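The next block is my_file.txt, given as compact mmCIF, C-alpha atoms.
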```
# COMPACT_ATOMS: atom_id res chain seq x y z
CA ASP A 1 87.24 91.46 59.90
CA ALA A 2 86.15 88.34 58.01
CA ALA A 3 88.76 88.80 55.27
CA SER A 4 91.71 88.95 57.69
CA LEU A 5 90.27 85.96 59.56
CA ARG A 6 90.09 83.90 56.37
CA ASN A 7 93.63 84.99 55.42
CA ARG A 8 95.09 83.86 58.77
CA LEU A 9 93.32 80.52 58.60
CA GLU A 10 94.46 79.85 55.05
CA GLN A 11 98.03 80.41 56.26
CA GLY A 12 97.50 77.74 58.91
CA LYS A 13 97.53 80.26 61.81
CA ARG A 14 95.38 80.03 64.90
CA VAL A 15 92.88 82.69 65.83
CA GLU A 16 92.22 83.09 69.54
CA ASN A 17 89.61 85.14 71.38
CA GLN A 18 88.71 87.54 68.58
CA ILE A 19 85.48 89.49 69.03
CA PHE A 20 83.01 89.70 66.13
CA SER A 21 79.55 91.21 65.89
CA ILE A 22 77.07 88.92 64.13
CA SER A 23 73.34 89.69 63.97
CA ASP A 24 73.56 92.19 66.83
CA LYS A 25 75.35 89.64 68.98
CA ARG A 26 78.94 89.93 70.14
CA LEU A 27 80.81 86.66 69.87
CA VAL A 28 84.26 85.58 70.96
CA VAL A 29 85.69 83.47 68.15
CA SER A 30 88.61 81.05 68.26
CA ALA A 31 89.63 78.96 65.28
CA VAL A 32 92.22 76.19 64.86
CA PRO A 33 93.09 75.07 61.32
CA SER A 34 93.32 71.34 60.63
CA VAL A 35 96.50 70.89 58.60
CA ILE A 36 97.45 67.66 56.78
CA HIS A 37 100.63 67.46 54.72
CA GLN A 38 101.09 71.21 55.08
CA LYS A 39 97.66 71.85 53.60
CA THR A 40 94.68 73.27 55.45
CA VAL A 41 91.81 70.81 55.05
CA GLY A 42 89.42 72.26 57.62
CA VAL A 43 88.92 74.57 60.56
CA VAL A 44 87.56 73.93 64.05
CA PHE A 45 85.63 76.99 65.29
CA THR A 46 84.68 77.80 68.88
CA LEU A 47 82.09 80.54 69.37
CA GLN A 48 81.02 81.99 72.72
CA GLN A 49 78.69 84.85 73.51
CA VAL A 50 80.40 87.74 75.29
CA ASP A 51 77.58 87.91 77.86
CA ALA A 52 78.13 84.25 78.72
CA ILE A 53 81.83 84.88 79.27
CA HIS A 54 81.02 87.81 81.54
CA ASN A 55 78.82 85.51 83.63
CA ILE A 56 81.66 83.02 83.87
CA GLU A 57 84.00 85.80 84.98
CA LYS A 58 81.58 86.76 87.75
CA LYS A 59 81.56 83.16 88.96
CA LEU A 60 85.36 83.10 88.87
CA ARG A 61 85.51 86.31 90.91
CA THR A 62 83.13 84.79 93.45
CA LEU A 63 85.31 81.68 93.58
CA SER A 64 88.36 83.91 94.01
CA VAL A 65 86.76 85.51 97.06
CA GLU A 66 85.85 82.10 98.45
CA LYS A 67 89.49 81.03 98.08
CA GLY A 68 90.56 83.81 100.41
CA HIS A 69 91.19 86.71 98.05
CA LEU A 70 89.24 89.13 100.18
CA ALA A 71 89.84 92.03 102.50
CA LYS A 72 88.99 91.14 106.10
CA LYS A 73 89.72 94.53 107.67
CA GLY A 74 88.10 97.94 107.48
CA PHE A 75 88.75 101.45 108.70
CA ASP A 76 87.29 100.55 112.11
CA ASP A 77 90.23 98.18 112.60
CA ILE A 78 92.67 101.11 112.43
CA ILE A 79 92.88 101.98 116.12
CA GLY A 80 93.62 105.45 117.42
CA HIS A 81 92.20 108.94 117.85
CA ASN A 82 95.26 110.99 117.01
CA GLN A 83 94.20 114.02 114.96
CA GLY A 84 96.60 113.17 112.15
CA LEU A 85 95.31 109.60 111.97
CA VAL A 86 91.67 110.72 111.98
CA ALA A 87 92.38 113.12 109.10
CA LEU A 88 94.19 110.35 107.24
CA LYS A 89 91.22 107.99 107.59
CA LYS A 90 88.87 110.68 106.27
CA LYS A 91 91.11 111.13 103.24
CA ALA A 92 91.17 107.35 102.67
CA VAL A 93 87.35 107.25 102.81
CA ARG A 94 87.22 109.82 100.02
CA TYR A 95 89.76 107.82 98.02
CA ALA A 96 87.53 104.76 98.35
CA GLU A 97 84.79 106.48 96.42
CA THR A 98 86.94 106.61 93.27
CA ASP A 99 88.71 104.04 91.09
CA SER A 100 91.97 105.97 90.87
CA THR A 101 95.28 104.34 91.80
CA VAL A 102 96.43 104.90 95.39
CA LEU A 103 100.07 105.04 96.52
CA ILE A 104 100.43 104.34 100.25
CA THR A 105 103.78 105.21 101.82
CA GLY A 106 105.11 104.69 105.31
CA GLU A 107 107.59 102.73 107.38
CA SER A 108 107.35 98.97 107.86
CA GLY A 109 104.64 97.94 110.29
CA VAL A 110 102.55 101.13 110.23
CA GLY A 111 99.51 99.36 108.75
CA LYS A 112 99.66 100.19 105.05
CA GLU A 113 97.72 97.06 104.12
CA LEU A 114 95.05 97.92 106.69
CA PHE A 115 94.43 101.15 104.82
CA ALA A 116 94.40 99.28 101.50
CA GLN A 117 91.81 96.81 102.80
CA GLY A 118 89.79 99.66 104.31
CA ILE A 119 89.71 101.49 100.96
CA HIS A 120 88.58 98.31 99.19
CA ASN A 121 85.88 97.46 101.75
CA HIS A 122 84.55 101.01 101.68
CA SER A 123 84.34 101.05 97.88
CA PRO A 124 81.71 99.75 95.45
CA ARG A 125 84.10 96.81 94.82
CA ARG A 126 83.74 95.51 98.38
CA ASN A 127 82.10 92.24 97.27
CA ALA A 128 84.75 91.55 94.62
CA PRO A 129 88.22 90.02 95.15
CA PHE A 130 90.99 91.78 97.04
CA VAL A 131 94.26 90.23 95.86
CA ALA A 132 97.34 91.18 97.88
CA VAL A 133 100.88 90.38 96.76
CA ASN A 134 104.22 91.28 98.31
CA CYS A 135 106.44 92.16 95.35
CA ALA A 136 109.60 91.63 97.39
CA SER A 137 108.76 88.00 98.17
CA PHE A 138 109.12 86.74 94.59
CA PRO A 139 112.21 86.35 92.39
CA GLU A 140 112.14 88.56 89.30
CA ASN A 141 111.12 85.87 86.80
CA LEU A 142 108.50 84.39 89.12
CA LEU A 143 106.99 87.78 90.01
CA GLU A 144 106.31 88.50 86.34
CA SER A 145 104.50 85.21 85.78
CA GLU A 146 102.55 85.56 89.04
CA LEU A 147 101.31 89.04 88.20
CA PHE A 148 100.54 88.62 84.52
CA GLY A 149 100.06 84.86 84.07
CA TYR A 150 101.35 82.70 81.23
CA VAL A 151 100.11 80.51 78.40
CA ARG A 152 100.78 76.85 77.81
CA GLY A 153 104.44 76.15 77.12
CA ALA A 154 105.54 79.73 77.83
CA PHE A 155 108.67 78.53 79.63
CA THR A 156 110.23 75.41 81.10
CA GLY A 157 108.30 74.28 84.14
CA ALA A 158 105.11 76.13 83.20
CA ARG A 159 101.80 74.39 83.75
CA THR A 160 100.60 72.58 80.67
CA GLU A 161 97.28 74.43 80.81
CA GLY A 162 98.84 77.83 81.52
CA LYS A 163 97.93 80.01 84.48
CA ALA A 164 95.95 83.18 85.12
CA GLY A 165 97.91 85.99 86.74
CA LEU A 166 96.97 87.87 89.88
CA PHE A 167 95.68 90.79 87.83
CA GLU A 168 93.16 88.44 86.22
CA LEU A 169 92.18 87.00 89.60
CA ALA A 170 91.54 90.53 90.83
CA ASN A 171 89.39 91.45 87.83
CA GLY A 172 86.36 93.39 89.03
CA GLY A 173 88.02 94.02 92.38
CA THR A 174 91.25 95.41 93.80
CA ILE A 175 94.89 94.34 93.52
CA PHE A 176 97.23 95.46 96.28
CA LEU A 177 100.93 95.53 95.38
CA ASP A 178 102.96 95.83 98.55
CA GLU A 179 106.69 96.69 98.51
CA ILE A 180 106.31 98.15 95.00
CA GLY A 181 109.75 99.75 95.40
CA GLU A 182 111.31 96.27 95.28
CA THR A 183 109.91 95.57 91.81
CA PRO A 184 112.60 94.93 89.14
CA LEU A 185 112.77 97.37 86.22
CA SER A 186 111.73 94.68 83.74
CA VAL A 187 108.51 94.10 85.65
CA GLN A 188 107.97 97.85 86.06
CA ILE A 189 107.82 98.21 82.26
CA ARG A 190 105.07 95.60 81.95
CA LEU A 191 103.25 97.01 84.96
CA LEU A 192 103.26 100.47 83.40
CA ARG A 193 101.67 99.10 80.23
CA VAL A 194 99.00 97.24 82.20
CA LEU A 195 98.11 100.46 84.02
CA GLN A 196 98.03 102.46 80.79
CA GLU A 197 96.07 99.99 78.70
CA ARG A 198 93.94 98.47 81.47
CA SER A 199 94.60 95.10 79.90
CA VAL A 200 97.11 92.30 80.26
CA ILE A 201 98.83 89.85 77.92
CA ARG A 202 99.98 86.61 79.47
CA ILE A 203 103.63 85.68 79.11
CA GLY A 204 104.09 83.81 75.85
CA GLY A 205 100.66 84.82 74.58
CA ASP A 206 99.27 87.39 72.19
CA SER A 207 95.65 87.67 73.36
CA ILE A 208 94.69 90.91 75.09
CA ILE A 209 92.70 90.36 78.28
CA PRO A 210 90.76 93.49 79.34
CA LEU A 211 90.91 94.40 83.02
CA ASP A 212 88.60 96.20 85.41
CA VAL A 213 90.88 96.42 88.44
CA ARG A 214 91.44 99.01 91.16
CA VAL A 215 95.19 99.26 91.86
CA ILE A 216 96.59 100.14 95.29
CA VAL A 217 100.35 100.04 95.88
CA ALA A 218 102.48 100.55 98.97
CA THR A 219 106.13 101.08 99.76
CA ASN A 220 108.39 101.99 102.66
CA ARG A 221 110.99 103.40 100.28
CA ASN A 222 111.47 106.96 99.06
CA LEU A 223 110.57 106.42 95.42
CA MET A 224 111.88 109.82 94.36
CA GLU A 225 115.32 108.80 95.61
CA GLU A 226 114.91 105.45 93.83
CA ILE A 227 114.16 107.37 90.62
CA GLN A 228 117.31 109.45 90.99
CA GLN A 229 119.31 106.23 91.41
CA ASN A 230 117.65 104.73 88.30
CA LYS A 231 116.05 101.99 90.38
CA PHE A 232 112.47 103.06 89.72
CA ARG A 233 110.83 104.38 86.58
CA GLN A 234 109.66 107.97 86.80
CA ASP A 235 106.78 107.41 84.38
CA LEU A 236 105.55 104.51 86.51
CA TYR A 237 105.79 106.62 89.66
CA TYR A 238 103.51 109.30 88.24
CA ARG A 239 101.12 106.62 87.01
CA LEU A 240 100.94 105.18 90.54
CA CYS A 241 100.97 108.40 92.56
CA VAL A 242 97.50 109.59 91.61
CA LEU A 243 96.13 109.55 95.14
CA PRO A 244 99.01 109.61 97.68
CA LEU A 245 98.48 108.49 101.27
CA HIS A 246 101.28 108.69 103.83
CA VAL A 247 100.82 106.69 107.04
CA MET A 248 102.78 108.21 109.91
CA PRO A 249 104.94 106.05 112.20
CA LEU A 250 103.73 105.18 115.67
CA ARG A 251 106.24 107.53 117.34
CA GLU A 252 104.47 110.45 115.64
CA ARG A 253 101.17 109.54 117.27
CA ARG A 254 102.28 108.53 120.75
CA ASP A 255 98.85 109.41 122.16
CA ASP A 256 97.53 106.25 120.42
CA ILE A 257 100.10 103.80 121.82
CA LEU A 258 98.27 102.81 125.01
CA GLU A 259 94.93 102.55 123.23
CA ILE A 260 96.45 100.16 120.67
CA ALA A 261 98.24 98.16 123.36
CA TYR A 262 95.07 97.63 125.38
CA TYR A 263 93.15 96.88 122.19
CA PHE A 264 95.54 93.99 121.47
CA LEU A 265 95.19 92.79 125.05
CA GLY A 266 91.41 92.94 124.71
CA GLN A 267 91.58 90.74 121.62
CA HIS A 268 92.99 88.03 123.90
CA ARG A 269 90.31 88.81 126.50
CA LYS A 270 92.95 89.66 129.07
CA THR A 271 92.49 92.20 131.89
CA ILE A 272 96.23 92.77 132.28
CA ARG A 273 97.21 96.36 132.99
CA PHE A 274 100.51 98.22 132.81
CA SER A 275 101.75 100.20 135.78
CA PRO A 276 101.78 104.01 135.32
CA ALA A 277 105.58 103.96 134.95
CA ALA A 278 105.33 101.12 132.42
CA GLU A 279 102.73 103.07 130.47
CA GLN A 280 105.02 106.07 130.31
CA LEU A 281 107.84 103.87 129.04
CA LEU A 282 105.58 102.45 126.33
CA ILE A 283 104.60 105.96 125.27
CA ARG A 284 108.18 107.17 125.15
CA TYR A 285 109.65 104.14 123.35
CA ASP A 286 110.27 104.79 119.64
CA TRP A 287 108.69 101.54 118.31
CA PRO A 288 110.93 101.16 115.21
CA GLY A 289 108.72 98.25 114.12
CA ASN A 290 105.63 100.42 114.64
CA VAL A 291 102.24 98.77 115.23
CA ARG A 292 103.56 95.36 114.19
CA GLU A 293 106.24 95.54 116.88
CA LEU A 294 103.68 96.66 119.45
CA SER A 295 101.44 93.71 118.55
CA ASN A 296 104.32 91.27 118.91
CA PHE A 297 105.31 92.91 122.20
CA ILE A 298 101.83 92.27 123.59
CA GLU A 299 102.07 88.61 122.52
CA ARG A 300 105.34 88.27 124.43
CA VAL A 301 103.77 89.91 127.47
CA LEU A 302 100.97 87.34 127.42
CA VAL A 303 103.42 84.45 127.10
CA LEU A 304 105.97 85.60 129.68
CA HIS A 305 103.75 87.12 132.36
CA ASP A 306 100.52 86.06 134.03
CA THR A 307 100.28 88.81 136.64
CA ASP A 308 97.57 91.46 136.58
CA ILE A 309 100.01 94.39 136.55
CA ILE A 310 103.05 94.61 134.29
CA SER A 311 105.83 96.71 135.77
CA GLU A 312 108.21 99.11 134.07
CA LYS A 313 111.09 96.70 134.74
CA GLU A 314 109.25 93.87 132.99
CA VAL A 315 108.47 96.07 129.99
CA ARG A 316 112.12 97.09 129.76
CA GLU A 317 113.22 93.44 129.86
CA ILE A 318 110.84 92.46 127.07
CA LEU A 319 111.84 95.41 124.91
CA GLN A 320 115.53 94.81 125.75
CA ILE A 321 116.08 98.34 127.04
CA ASN A 322 118.89 98.83 129.54
CA ILE A 323 118.32 101.82 131.80
CA GLU A 324 122.01 102.77 131.64
CA GLN A 325 121.83 102.83 127.86
CA GLU A 326 118.25 103.99 127.42
CA ASP A 327 117.66 106.58 124.71
CA ASP A 328 115.97 109.81 125.53
CA PHE A 329 113.41 108.62 123.02
CA GLY A 330 110.37 110.21 124.55
CA THR A 331 108.85 113.60 124.96
CA GLY A 332 110.86 114.44 128.12
CA GLU A 333 113.40 113.19 130.59
CA ARG A 334 112.63 110.38 133.00
CA SER A 335 113.46 111.01 136.66
CA ALA A 336 115.79 113.85 135.64
CA LYS A 337 118.09 111.33 133.92
CA ASN A 338 119.71 111.99 130.57
CA PHE A 339 119.82 108.73 128.69
CA SER A 340 122.28 107.91 125.93
CA ARG A 341 123.22 104.85 123.90
CA PRO A 342 125.00 104.20 120.60
CA GLY A 343 123.52 105.60 117.37
CA LYS A 344 120.22 104.17 116.25
CA MET A 345 121.76 102.33 113.31
CA GLU A 346 124.33 100.57 115.53
CA GLN A 347 121.65 99.79 118.10
CA GLU A 348 119.36 98.36 115.42
CA LYS A 349 122.19 96.25 114.03
CA TYR A 350 122.88 94.97 117.54
CA ARG A 351 119.22 94.07 118.09
CA ILE A 352 118.98 92.26 114.75
CA ARG A 353 122.10 90.15 115.34
CA LYS A 354 120.99 89.39 118.89
CA ALA A 355 117.52 88.30 117.75
CA LEU A 356 119.00 86.10 115.02
CA ARG A 357 121.30 84.39 117.48
CA GLU A 358 118.58 83.92 120.09
CA ASN A 359 116.42 82.27 117.42
CA HIS A 360 119.27 80.15 116.02
CA TRP A 361 119.26 82.22 112.81
CA ASN A 362 115.64 81.41 112.07
CA ARG A 363 114.70 84.54 110.10
CA ARG A 364 110.95 84.15 110.54
CA GLN A 365 111.18 83.85 114.34
CA ALA A 366 113.76 86.63 114.59
CA ALA A 367 111.57 88.96 112.52
CA LYS A 368 108.61 88.20 114.77
CA GLN A 369 110.67 88.97 117.88
CA LEU A 370 111.82 92.25 116.36
CA GLY A 371 108.31 93.19 115.29
CA ILE A 372 109.13 93.44 111.59
CA SER A 373 108.32 91.39 108.51
CA THR A 374 110.69 88.72 107.20
CA THR A 375 111.19 90.79 104.04
CA THR A 376 112.19 93.83 106.10
CA LEU A 377 114.60 91.68 108.13
CA TRP A 378 116.31 90.47 104.94
CA ARG A 379 116.62 94.06 103.73
CA LYS A 380 118.10 95.27 107.04
CA MET A 381 120.54 92.33 107.11
CA LYS A 382 121.74 93.40 103.68
CA ARG A 383 121.97 97.06 104.74
CA TYR A 384 124.04 96.24 107.83
CA ASP A 385 126.08 93.57 106.04
CA ILE A 386 124.91 90.85 108.43
CA SER A 387 126.05 87.87 106.39
CA SER A 388 124.54 84.40 106.64
CA LEU A 389 128.15 83.19 106.89
CA GLU A 390 128.04 84.34 110.52
CA GLU A 391 125.56 81.54 111.12
CA LYS A 392 128.21 79.00 110.14
CA GLU A 393 131.18 80.78 111.72
CA GLU A 394 129.75 81.69 115.10
CA SER A 395 129.42 79.22 117.93
CA GLY A 396 126.21 80.80 119.20
CA SER A 397 127.73 83.12 121.82
CA TYR A 398 125.84 86.37 122.38
CA LEU A 399 127.19 89.83 121.76
```

Written form, structure tokens:
Amino acid sequence: DAASLRNRLEQGKRVENQIFSISDKRLVVSAVPSVIHQKTVGVVFTLQQVDAIHNIEKKLRTLSVEKGHLAKKGFDDIIGHNQGLVALKKKAVRYAETDSTVLITGESGVGKELFAQGIHNHSPRRNAPFVAVNCASFPENLLESELFGYVRGAFTGARTEGKAGLFELANGGTIFLDEIGETPLSVQIRLLRVLQERSVIRIGGDSIIPLDVRVIVATNRNLMEEIQQNKFRQDLYYRLCVLPLHVMPLRERRDDILEIAYYFLGQHRKTIRFSPAAEQLLIRYDWPGNVRELSNFIERVLVLHDTDIISEKEVREILQINIEQEDDFGTGERSAKNFSRPGKMEQEKYRIRKALRENHWNRRQAAKQLGISTTTLWRKMKRYDISSLEEKEESGSYL
């Protein structure tokens, strides 16, 4: 009220972004005392109408979309007619009609962001920003400032004018937090408060910024196990898991594999076909990198082969499958052979080290060859204890 405002100003304190109602008009008031010799001699007031600020916010959201914060994909871009996938898309369409938080789970490369973009583009927020952020790609201190923003002088190296966080940029639209399971506990606490209060306070500030944001999160981790290991907050989990959506891996919808493969070929306007035996191999392969691996496989096919028909042998060479070591990874035996190779974990470790060596330890290129994201590659290297010291110690010889 006016009395508390006067009291703060007489004490030489600033007042920022306080809302007052004057003559049926809502005004945002900021005031900076002018202090000389420790005595307040005047006050500089800034008054803005709330409606005018809302108009500015709309322009900022439009600018945010123009800068690339938009969803380019929809449900039609999720290829396949598997019954489970069709049911999943119908559920996602119903989710799009609400503003509730969605938790998308599934392995790396299954298309979790495709579903997130589809939900956004099928919702009333479709013309507003869609801001996507991979929580695993930022260090802990940087992730906090990126999500929530900061005020001037909040920390060393901060912009002099401060910076709006991604939640503010997504205001009116949707924010998609991928790899939410990688979020540090300190950030989880702030994120929980943002979800509860539907408002954000920039780092180093005290002004509350109201939010109108749809939140969609995704993870390839088992968050219940993370909770048991005290790596993820249980209260945050239940705040996020309002509308759960689990995207199945490609090996659980093998009837879609050929359709997706030819869809990717069609995007390049190529009439290349796979031989019947090659098609059966594609169907029976486990695709640990899921749709992302299949997409990268098609790119390698286009680079390495210019024939009209791709044989089973050529597919096996590209996928690095040796017939003597081939898994019985499909729905039946091939040519009455029983295939066997080392356990999947050892085989995956072998493939990762081989890809790193073939790409001279360039993580980005190795991840692309493996059909996984760079973040997933880092995580698997840590899991299998593939140290970067190997890069210095090894002479480049292959396993």

Show which residues sit within 9 Å of Asn121 (chain A), as a VMD selection string. Count all atoms listed in the file, and ignore same-chain residues fewer than 2 positions away.
chain A and resid 71 to 75 96 116 to 119 123 to 127 130

My list of candidates is A:Glu182, A:Asp206, A:Glu113, A:Asp286. Which is closest to Leu250 (chain A) when distances are computed with all atoms listed in the file?
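The closest residue to Leu250 (chain A) is A:Asp286.
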
Which residue gives the smallest distance to Lys163 (chain A) among A:Asn220, A:Ser145, A:Thr98, A:Gln280, with all atoms listed in the file counted?
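Using all atoms listed in the file, the shortest distance to Lys163 (chain A) belongs to A:Ser145.
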
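Straight-line separation from CA of Ala355 (chain A) to CA of Val301 (chain A): 16.9 Å.
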
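Nearest to Leu240 (chain A) of all the residues A:Lys368, A:Ala136, A:Val102, A:Ile321 is A:Val102, counting only C-alpha atoms.
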
Would you mind reading off the distance between CA of Leu114 (chain A) and CA of Arg253 (chain A), one decimal, in Å?
16.9 Å

To one decimal place, how far is CA of Glu225 (chain A) from CA of Arg239 (chain A) in Å?
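Going from CA of Glu225 (chain A) over to CA of Arg239 (chain A) covers 16.7 Å.
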